[in-house]
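Pasting work35.cif here (mmCIF, C-alpha atoms):
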```cif
data_start
loop_
_atom_site.label_atom_id
_atom_site.label_comp_id
_atom_site.auth_asym_id
_atom_site.auth_seq_id
_atom_site.Cartn_x
_atom_site.Cartn_y
_atom_site.Cartn_z
CA MET A 79 -43.12 67.93 163.68
CA THR A 80 -43.43 71.66 163.01
CA ALA A 81 -40.79 73.45 160.98
CA CYS A 82 -39.26 76.61 162.39
CA SER A 83 -39.92 79.85 160.59
CA HIS A 84 -37.01 81.91 159.35
CA GLN A 85 -37.66 84.43 162.12
CA GLN A 86 -37.67 81.74 164.81
CA LEU A 87 -34.37 80.40 163.52
CA TYR A 88 -32.89 83.89 163.33
CA ASP A 89 -34.05 84.66 166.89
CA ALA A 90 -32.60 81.39 168.22
CA VAL A 91 -29.21 82.10 166.66
CA GLN A 92 -29.25 85.67 168.00
CA GLN A 93 -30.06 84.43 171.51
CA GLY A 94 -27.26 81.87 171.33
CA GLN A 95 -24.80 84.55 170.31
CA GLN A 96 -26.00 86.83 173.13
CA VAL A 97 -25.33 84.03 175.62
CA GLU A 98 -21.78 83.85 174.27
CA CYS A 99 -21.47 87.64 174.68
CA GLN A 100 -22.04 87.22 178.41
CA LYS A 101 -18.62 85.57 178.67
CA LEU A 102 -16.85 88.78 177.59
CA GLN A 103 -15.59 91.76 179.55
CA ALA A 104 -17.57 95.04 179.75
CA GLU A 105 -16.55 96.87 176.56
CA GLN A 106 -16.39 93.72 174.45
CA TYR A 107 -19.71 92.61 175.92
CA GLN A 108 -21.43 95.85 174.86
CA GLN A 109 -20.03 95.62 171.32
CA CYS A 110 -21.03 91.98 171.06
CA MET A 111 -24.57 92.61 172.28
CA GLN A 112 -25.02 95.49 169.82
CA LYS A 113 -23.88 93.23 167.01
CA TYR A 114 -26.54 90.64 167.86
CA ALA A 115 -29.38 92.99 168.79
CA LYS A 116 -30.62 93.62 165.24
CA PRO A 117 -34.37 92.92 164.95
CA TYR A 118 -35.41 90.33 162.39
CA GLN A 119 -37.31 92.91 160.32
CA GLN A 120 -34.18 95.04 159.92
CA TYR A 121 -32.13 91.95 159.05
CA GLN A 122 -34.73 90.95 156.44
CA GLN A 123 -34.75 94.43 154.86
CA GLU A 124 -30.97 94.50 154.64
CA ARG A 125 -30.97 91.01 153.17
CA GLU A 126 -33.46 92.03 150.48
CA GLN A 127 -31.29 95.04 149.56
CA VAL A 128 -28.28 92.77 149.07
CA LYS A 129 -30.27 90.45 146.83
CA LYS A 130 -31.13 93.26 144.40
#
```

Represent the supplied structure as structure tokens.
Amino acid sequence: MTACSHQQLYDAVQQGQQVECQKLQAEQYQQCMQKYAKPYQQYQQEREQVKK
């Protein structure tokens, strides 16, 4: 059994949230998709800044 990397886990959660966004109306959908469109590298950089 292979363990998932942090990026794979992050991507899976993001995709799941984007699927949930599809249930929303136009304006809410756009806001939701923007919220969950952050690339893993950006997330990781922001996370490192918070840790400092």

Once the PyMOL selection byres ((chain A and resi 84-91) around 12) is applied to the coordinates I shared, what remains selected? I want it as a PyMOL selection string. chain A and resi 80-83+92-98+114-122

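For the pair atom CA of Lys129 of chain A and atom CA of Cys110 of chain A, the separation is 26.0 Å.
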
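If you look at atom CA of Gln123 of chain A and atom CA of Gln109 of chain A, they are 22.1 Å away from each other.
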
Let me have the centre and edge lengths of the axis-aligned box enclosing all listed atoms of segment 111-119 of chain A with 8 Å padding on every side, in Å to one decimal, as AutoDock Vina command-line options.
```
--center_x -30.6 --center_y 92.9 --center_z 166.3 --size_x 29.4 --size_y 21.2 --size_z 28.0
```
